[in-house]
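The block underneath contains the structure these notes are about, expressed in structure tokens.
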Amino acid sequence: MKRMLLWAAGLLLLAGCGGTNTEKAVTLNGAGATFPSPVYANWTYNFTQFTHGQTQVNYQGVGSGAGVRQLREGTIDFAGTDSPLTAEELEKEGFAQIPMLAGGVVVVVNIPGVETNRLNLDAAVLADIYLGKITKWNAPEIARDNPDLTLPDLEIVPIYRADGSGTSFLFTSFLSKVSPAWKSSVGAGAAVRFPVGLGGQKNPGVCNNVMKIPGSVGYTEYTYAVEMKLACVCLRNAAGKCVVPNSASFTASLAGVDWKEEPGFRVDLTNAPGENSYPVTGVTYLVYRKTLEEPKRSELFRYIAWCFRDGKAKATEMEYVPLPPEVVEVVLASLGESK
């Protein structure tokens, strides 16, 4: 353990140095989850500036499934995914996986006269909407939780991710926990067959569809909802409370998480216990090949350490949830063991 902590300390010291430990410029290419794309765009730009252009980091939000596929094909240096790989998958592919930060997948609606954080939805009702069992916004199952709202006689148009997506993995994992009917007929996964509705490409595609289609409902990473000024829904959590989605309720979902030092740091935050926990909270991960060669390997580790330290403030500002310091310590130490 002492050797691991010394490794972590060395990474942080290296991240604090504005120069570069390579003689030639290094380019790191990543792709994957759109969930963290907004903060990754800031991180990659500012880290490149931090190294005075000696290490250039690029990231494309193409979806978790596409990112892992590109890493498997060897066309990128690291992938982002919100659908964490299992220990067996990591072993088979020769990958290492670490958590980067947490955030929320929020439900957004386009209902005339309904402002953000005003509509309450029970988790089972949300599942029935996406199953096509509840088709009008003034349905009694919705109206009973919203006595102060005048809900219109308007068709509900469910919007979902058409591409393989960690955001869909988190959303469908949640629905599978709260609805036996959803679990048995659709299930959880990055790419499932939605019974009804319209597909959208990536988080921006879902948001654009919700924005232009009256009566629509969709799911997206919180930052996209805020940027596009979409009306968010208060979801009923495991404690029976309808919770406003924000960084505080996302953080509450992390309480009591058992971050085990095992391959992949795989945790499940959906429908987490706690009165103030937002029920569709998830962790986004960075995946890389254990055989990544130098100098890319060292520079990727330096970038990761920089994100945890210098990138923390921006992540918080953008309503993501940085990992607790004690978790960061274990994650950084694991980098030295992934050879």
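Residue numbering restarts at 1 for every chain of the structure tokens, chains are lettered A, B, ... in their displayed order, and ligands are numbered from 1 as they appear.
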As a PyMOL selection string, please: the residues near range 83-100 of chain A (cut-off 8 Å, only C-alpha atoms, same-chain neighbours under 5 positions excluded).
chain A and resi 64+72+165-167+169-170+190+263-266+283-291+308+322-323+331+338
With a distance cut-off of 8 Å and only C-alpha atoms, select the neighbouring residues of Gln54 in chain A, excluding the residue or stretch itself and same-chain residues fewer than 2 positions from it, and output the selection as a CSV table (one decimal) with N, CA, C and O atoms, in the first residue's frame.
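As a result, selection_3.csv now contains:
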```csv
chain,number,residue,atom,x,y,z
A,20,THR,N,6.5,19.5,-19.5
A,20,THR,CA,6.2,18.2,-19.9
A,20,THR,C,7.4,17.3,-19.7
A,20,THR,O,8.5,17.7,-19.7
A,24,LYS,N,9.1,15.1,-27.2
A,24,LYS,CA,8.3,15.4,-28.3
A,24,LYS,C,6.9,15.6,-27.9
A,24,LYS,O,6.4,15.0,-26.9
A,25,ALA,N,6.1,16.3,-28.7
A,25,ALA,CA,4.7,16.5,-28.4
A,25,ALA,C,3.9,15.2,-28.5
A,25,ALA,O,4.2,14.3,-29.3
A,26,VAL,N,3.0,15.0,-27.6
A,26,VAL,CA,2.2,13.8,-27.5
A,26,VAL,C,0.7,14.2,-27.8
A,26,VAL,O,0.2,15.2,-27.2
A,48,THR,N,-4.4,20.9,-22.3
A,48,THR,CA,-3.5,21.2,-23.4
A,48,THR,C,-2.8,22.5,-23.2
A,48,THR,O,-1.6,22.7,-23.5
A,51,THR,N,0.0,22.3,-20.6
A,51,THR,CA,1.3,21.7,-21.0
A,51,THR,C,1.9,22.5,-22.2
A,51,THR,O,2.9,22.1,-22.8
A,52,HIS,N,1.3,23.7,-22.4
A,52,HIS,CA,1.8,24.6,-23.5
A,52,HIS,C,1.8,23.9,-24.9
A,52,HIS,O,2.7,24.1,-25.7
A,56,GLN,N,-1.4,17.2,-26.3
A,56,GLN,CA,-2.7,17.6,-26.8
A,56,GLN,C,-3.7,16.4,-26.5
A,56,GLN,O,-3.4,15.3,-26.9
```
From A:Pro152, A:Glu326, A:Leu335, A:Ala313, residue lying nearest Ser298 in chain A [only C-alpha atoms]:
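Going through A:Pro152, A:Glu326, A:Leu335, A:Ala313 one by one, the smallest distance to Ser298 in chain A is for A:Leu335.
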Just list the residues in range 94-319 of chain A DSSP gives strand (DSSP E) on the backbone, as an NGL selection string.
:A and (95-109 or 120-121 or 157-161 or 198-200 or 216-221 or 231-232 or 234-236 or 242-243 or 281-289)
Quick check for you: according to DSSP on this backbone, which residues of range 89-310 of chain A are classed as alpha helix (DSSP H)? Reply as a PyMOL selection string.
chain A and resi 89-93+123-131+140-143+166-178+180-185+202-212+222-227+247-252+296-309
Can you list, as a PyMOL selection string, every protein, DNA or RNA residue that comes within 10 Å of range 128-141 of chain A when you count only C-alpha atoms, leaving out same-chain residues fewer than 6 positions away?
chain A and resi 111+121-122+149-160+175+179+181-182+185-186+194-197+215-218
Written file, previous selection with N, CA and C atoms, as a PDB file, in the first residue's frame:
```pdb
ATOM      1  N   ILE A 111     -44.126  20.445 -21.823  1.00  0.00           N
ATOM      2  CA  ILE A 111     -45.565  20.514 -21.565  1.00  0.00           C
ATOM      3  C   ILE A 111     -45.931  21.988 -21.428  1.00  0.00           C
ATOM      4  N   LEU A 121     -43.064  13.076 -10.840  1.00  0.00           N
ATOM      5  CA  LEU A 121     -43.350  11.801 -11.490  1.00  0.00           C
ATOM      6  C   LEU A 121     -42.919  10.657 -10.591  1.00  0.00           C
ATOM      7  N   ASP A 122     -43.821   9.713 -10.391  1.00  0.00           N
ATOM      8  CA  ASP A 122     -43.483   8.484  -9.701  1.00  0.00           C
ATOM      9  C   ASP A 122     -42.653   7.613 -10.645  1.00  0.00           C
ATOM     10  N   LEU A 149     -51.078  21.483 -10.432  1.00  0.00           N
ATOM     11  CA  LEU A 149     -50.852  21.745 -11.852  1.00  0.00           C
ATOM     12  C   LEU A 149     -52.104  21.424 -12.670  1.00  0.00           C
ATOM     13  N   THR A 150     -52.345  22.245 -13.684  1.00  0.00           N
ATOM     14  CA  THR A 150     -53.396  21.949 -14.659  1.00  0.00           C
ATOM     15  C   THR A 150     -52.723  21.283 -15.854  1.00  0.00           C
ATOM     16  N   LEU A 151     -52.856  19.979 -15.935  1.00  0.00           N
ATOM     17  CA  LEU A 151     -52.180  19.217 -16.977  1.00  0.00           C
ATOM     18  C   LEU A 151     -53.068  19.089 -18.214  1.00  0.00           C
ATOM     19  N   PRO A 152     -52.506  19.280 -19.387  1.00  0.00           N
ATOM     20  CA  PRO A 152     -53.314  19.282 -20.612  1.00  0.00           C
ATOM     21  C   PRO A 152     -53.675  17.885 -21.103  1.00  0.00           C
ATOM     22  N   ASP A 153     -54.728  17.825 -21.885  1.00  0.00           N
ATOM     23  CA  ASP A 153     -55.132  16.587 -22.566  1.00  0.00           C
ATOM     24  C   ASP A 153     -54.257  16.467 -23.815  1.00  0.00           C
ATOM     25  N   LEU A 154     -53.000  16.108 -23.580  1.00  0.00           N
ATOM     26  CA  LEU A 154     -51.985  16.141 -24.633  1.00  0.00           C
ATOM     27  C   LEU A 154     -51.282  14.788 -24.699  1.00  0.00           C
ATOM     28  N   GLU A 155     -51.091  14.294 -25.919  1.00  0.00           N
ATOM     29  CA  GLU A 155     -50.401  13.021 -26.113  1.00  0.00           C
ATOM     30  C   GLU A 155     -48.956  13.099 -25.608  1.00  0.00           C
ATOM     31  N   ILE A 156     -48.530  12.054 -24.933  1.00  0.00           N
ATOM     32  CA  ILE A 156     -47.147  11.958 -24.483  1.00  0.00           C
ATOM     33  C   ILE A 156     -46.304  11.336 -25.598  1.00  0.00           C
ATOM     34  N   VAL A 157     -45.168  11.982 -25.894  1.00  0.00           N
ATOM     35  CA  VAL A 157     -44.245  11.475 -26.909  1.00  0.00           C
ATOM     36  C   VAL A 157     -42.910  11.150 -26.236  1.00  0.00           C
ATOM     37  N   PRO A 158     -42.670   9.887 -25.906  1.00  0.00           N
ATOM     38  CA  PRO A 158     -41.391   9.521 -25.285  1.00  0.00           C
ATOM     39  C   PRO A 158     -40.230   9.645 -26.280  1.00  0.00           C
ATOM     40  N   ILE A 159     -39.131  10.224 -25.811  1.00  0.00           N
ATOM     41  CA  ILE A 159     -37.924  10.360 -26.619  1.00  0.00           C
ATOM     42  C   ILE A 159     -36.813   9.557 -25.945  1.00  0.00           C
ATOM     43  N   TYR A 160     -36.061   8.813 -26.737  1.00  0.00           N
ATOM     44  CA  TYR A 160     -35.006   7.977 -26.179  1.00  0.00           C
ATOM     45  C   TYR A 160     -33.743   8.086 -27.033  1.00  0.00           C
ATOM     46  N   LEU A 175     -35.210   2.144 -14.408  1.00  0.00           N
ATOM     47  CA  LEU A 175     -36.558   1.648 -14.708  1.00  0.00           C
ATOM     48  C   LEU A 175     -36.689   0.158 -14.378  1.00  0.00           C
ATOM     49  N   SER A 179     -39.725  -1.085 -11.893  1.00  0.00           N
ATOM     50  CA  SER A 179     -40.858  -1.631 -12.647  1.00  0.00           C
ATOM     51  C   SER A 179     -40.580  -3.069 -13.082  1.00  0.00           C
ATOM     52  N   ALA A 181     -42.466  -4.863 -14.816  1.00  0.00           N
ATOM     53  CA  ALA A 181     -42.903  -4.977 -16.210  1.00  0.00           C
ATOM     54  C   ALA A 181     -41.804  -4.514 -17.162  1.00  0.00           C
ATOM     55  N   TRP A 182     -41.121  -3.419 -16.797  1.00  0.00           N
ATOM     56  CA  TRP A 182     -40.019  -2.934 -17.630  1.00  0.00           C
ATOM     57  C   TRP A 182     -38.875  -3.946 -17.633  1.00  0.00           C
ATOM     58  N   SER A 185     -39.801  -7.041 -19.815  1.00  0.00           N
ATOM     59  CA  SER A 185     -40.094  -6.858 -21.242  1.00  0.00           C
ATOM     60  C   SER A 185     -39.026  -6.082 -22.007  1.00  0.00           C
ATOM     61  N   VAL A 186     -38.275  -5.218 -21.306  1.00  0.00           N
ATOM     62  CA  VAL A 186     -37.260  -4.393 -21.975  1.00  0.00           C
ATOM     63  C   VAL A 186     -35.882  -4.622 -21.360  1.00  0.00           C
ATOM     64  N   PHE A 194     -36.753   0.196 -27.248  1.00  0.00           N
ATOM     65  CA  PHE A 194     -37.830   0.923 -26.586  1.00  0.00           C
ATOM     66  C   PHE A 194     -39.157   0.608 -27.266  1.00  0.00           C
ATOM     67  N   PRO A 195     -40.195   0.305 -26.478  1.00  0.00           N
ATOM     68  CA  PRO A 195     -41.479  -0.105 -27.069  1.00  0.00           C
ATOM     69  C   PRO A 195     -42.179   0.993 -27.862  1.00  0.00           C
ATOM     70  N   VAL A 196     -42.040   2.253 -27.411  1.00  0.00           N
ATOM     71  CA  VAL A 196     -42.731   3.367 -28.061  1.00  0.00           C
ATOM     72  C   VAL A 196     -41.801   4.581 -28.104  1.00  0.00           C
ATOM     73  N   GLY A 197     -42.176   5.561 -28.911  1.00  0.00           N
ATOM     74  CA  GLY A 197     -41.467   6.830 -28.910  1.00  0.00           C
ATOM     75  C   GLY A 197     -40.590   7.049 -30.122  1.00  0.00           C
ATOM     76  N   GLY A 215     -45.468  18.001 -25.751  1.00  0.00           N
ATOM     77  CA  GLY A 215     -45.930  16.749 -25.175  1.00  0.00           C
ATOM     78  C   GLY A 215     -44.838  15.716 -24.992  1.00  0.00           C
ATOM     79  N   SER A 216     -43.627  16.044 -25.411  1.00  0.00           N
ATOM     80  CA  SER A 216     -42.552  15.065 -25.350  1.00  0.00           C
ATOM     81  C   SER A 216     -41.925  14.968 -23.962  1.00  0.00           C
ATOM     82  N   VAL A 217     -41.286  13.826 -23.710  1.00  0.00           N
ATOM     83  CA  VAL A 217     -40.531  13.575 -22.489  1.00  0.00           C
ATOM     84  C   VAL A 217     -39.266  12.833 -22.901  1.00  0.00           C
ATOM     85  N   GLY A 218     -38.154  13.185 -22.282  1.00  0.00           N
ATOM     86  CA  GLY A 218     -36.895  12.531 -22.622  1.00  0.00           C
ATOM     87  C   GLY A 218     -35.991  12.441 -21.412  1.00  0.00           C
TER      88      GLY A 218
END
```
Using only C-alpha atoms, which residues sit within 7 Å of Asn237 in chain A once same-chain residues fewer than 6 positions away are excluded, as a compact mmCIF listing (two decimals) with all heavy atoms, in the first residue's frame?
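This is the output file result08.txt:
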```txt
# COMPACT_ATOMS: atom_id res chain seq x y z
N VAL A 243 -37.67 14.34 -5.77
CA VAL A 243 -36.44 15.11 -5.56
C VAL A 243 -36.11 15.98 -6.77
O VAL A 243 -36.19 15.53 -7.91
CB VAL A 243 -35.27 14.15 -5.27
CG1 VAL A 243 -33.98 14.93 -5.02
CG2 VAL A 243 -35.58 13.26 -4.08
N ASN A 271 -31.34 4.59 -8.08
CA ASN A 271 -32.32 4.34 -7.02
C ASN A 271 -31.63 4.13 -5.67
O ASN A 271 -32.05 3.28 -4.86
CB ASN A 271 -33.19 3.12 -7.35
CG ASN A 271 -34.60 3.28 -6.81
OD1 ASN A 271 -35.14 4.38 -6.76
ND2 ASN A 271 -35.22 2.18 -6.42
N SER A 277 -31.55 11.62 -2.08
CA SER A 277 -30.83 11.08 -3.23
C SER A 277 -31.64 11.20 -4.51
O SER A 277 -32.83 10.84 -4.54
CB SER A 277 -30.49 9.61 -2.99
OG SER A 277 -29.62 9.45 -1.90
N TYR A 278 -30.98 11.69 -5.57
CA TYR A 278 -31.64 11.70 -6.87
C TYR A 278 -31.51 10.30 -7.47
O TYR A 278 -30.41 9.73 -7.49
CB TYR A 278 -31.01 12.74 -7.80
CG TYR A 278 -31.71 12.81 -9.14
CD1 TYR A 278 -32.95 13.42 -9.24
CD2 TYR A 278 -31.15 12.24 -10.27
CE1 TYR A 278 -33.62 13.45 -10.46
CE2 TYR A 278 -31.81 12.27 -11.48
CZ TYR A 278 -33.04 12.87 -11.57
OH TYR A 278 -33.71 12.89 -12.77
N PRO A 279 -32.60 9.71 -7.96
CA PRO A 279 -32.60 8.27 -8.28
C PRO A 279 -31.89 7.84 -9.56
O PRO A 279 -31.66 6.64 -9.74
CB PRO A 279 -34.08 7.93 -8.35
CG PRO A 279 -34.76 9.20 -8.72
CD PRO A 279 -33.96 10.28 -8.06
```
Would you kindly return, as a PyMOL selection string, each protein, DNA or RNA residue with an atom no farther than 12 Å from any atom of Gly311 in chain A, considering only C-alpha atoms and excluding same-chain residues fewer than 5 positions away?
chain A and resi 15+39-47+50+100-101+303-306+316-318+320-323
Let me see the file: selected residues, C-alpha atoms, as an mmCIF file, in the first residue's frame.
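Writing done, so here's again.cif:
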```
data_model
loop_
_atom_site.group_PDB
_atom_site.id
_atom_site.type_symbol
_atom_site.label_atom_id
_atom_site.label_comp_id
_atom_site.auth_asym_id
_atom_site.auth_seq_id
_atom_site.Cartn_x
_atom_site.Cartn_y
_atom_site.Cartn_z
ATOM 1 C CA ALA A 15 0.493 17.086 -12.592
ATOM 2 C CA VAL A 39 -16.750 19.025 -18.787
ATOM 3 C CA TYR A 40 -14.335 16.935 -20.863
ATOM 4 C CA ALA A 41 -14.347 19.692 -23.496
ATOM 5 C CA ASN A 42 -13.154 22.126 -20.823
ATOM 6 C CA TRP A 43 -10.658 19.697 -19.327
ATOM 7 C CA THR A 44 -9.012 18.664 -22.586
ATOM 8 C CA TYR A 45 -8.631 22.272 -23.743
ATOM 9 C CA ASN A 46 -7.226 23.553 -20.464
ATOM 10 C CA PHE A 47 -4.876 20.618 -19.955
ATOM 11 C CA PHE A 50 -1.382 23.741 -19.168
ATOM 12 C CA MET A 100 -13.775 10.129 -13.180
ATOM 13 C CA LEU A 101 -16.852 11.841 -11.699
ATOM 14 C CA TYR A 303 -3.906 14.145 -17.531
ATOM 15 C CA ILE A 304 -6.053 12.047 -15.184
ATOM 16 C CA ALA A 305 -4.279 13.437 -12.121
ATOM 17 C CA TRP A 306 -4.706 16.976 -13.468
ATOM 18 C CA THR A 316 -18.464 21.382 -9.651
ATOM 19 C CA GLU A 317 -19.415 24.583 -11.455
ATOM 20 C CA MET A 318 -21.009 22.507 -14.218
ATOM 21 C CA TYR A 320 -21.079 17.330 -11.853
ATOM 22 C CA VAL A 321 -19.974 15.630 -8.640
ATOM 23 C CA PRO A 322 -16.193 15.188 -8.202
ATOM 24 C CA LEU A 323 -15.057 11.990 -6.534
#
```
Excluding Val105 in chain A and its own-chain neighbours fewer than 3 positions away, which residues fall within 10 Å of it when counting only C-alpha atoms? Please give them as a ChimeraX atom specification.
/A:35,108,167-168,170-171,219-225,245,250,270,278-282
Residues of range 32-104 of chain A within 9 Å of range 201-212 of chain A: nearest atom pair and distance (Å, one decimal) for each, counting only C-alpha atoms, sorted by chain and number, as a tab-separated table?
```
residue	atom	partner	partner_atom	distance
A:Ala33	CA	A:Lys202	CA	8.9
A:Thr34	CA	A:Asn203	CA	6.5
A:Phe35	CA	A:Asn203	CA	7.4
A:Gly61	CA	A:Lys202	CA	8.2
A:Val62	CA	A:Lys202	CA	7.2
A:Gly63	CA	A:Lys202	CA	6.5
```
Hey, can you spit out that residue selection with C-alpha atoms as a compact mmCIF listing (two decimals), in the first residue's frame?
```
# COMPACT_ATOMS: atom_id res chain seq x y z
CA ALA A 33 -19.80 8.92 -23.48
CA THR A 34 -21.64 12.16 -24.14
CA PHE A 35 -22.63 12.30 -20.45
CA GLY A 61 -18.67 12.44 -27.56
CA VAL A 62 -19.85 9.57 -29.76
CA GLY A 63 -21.66 7.49 -27.14
```
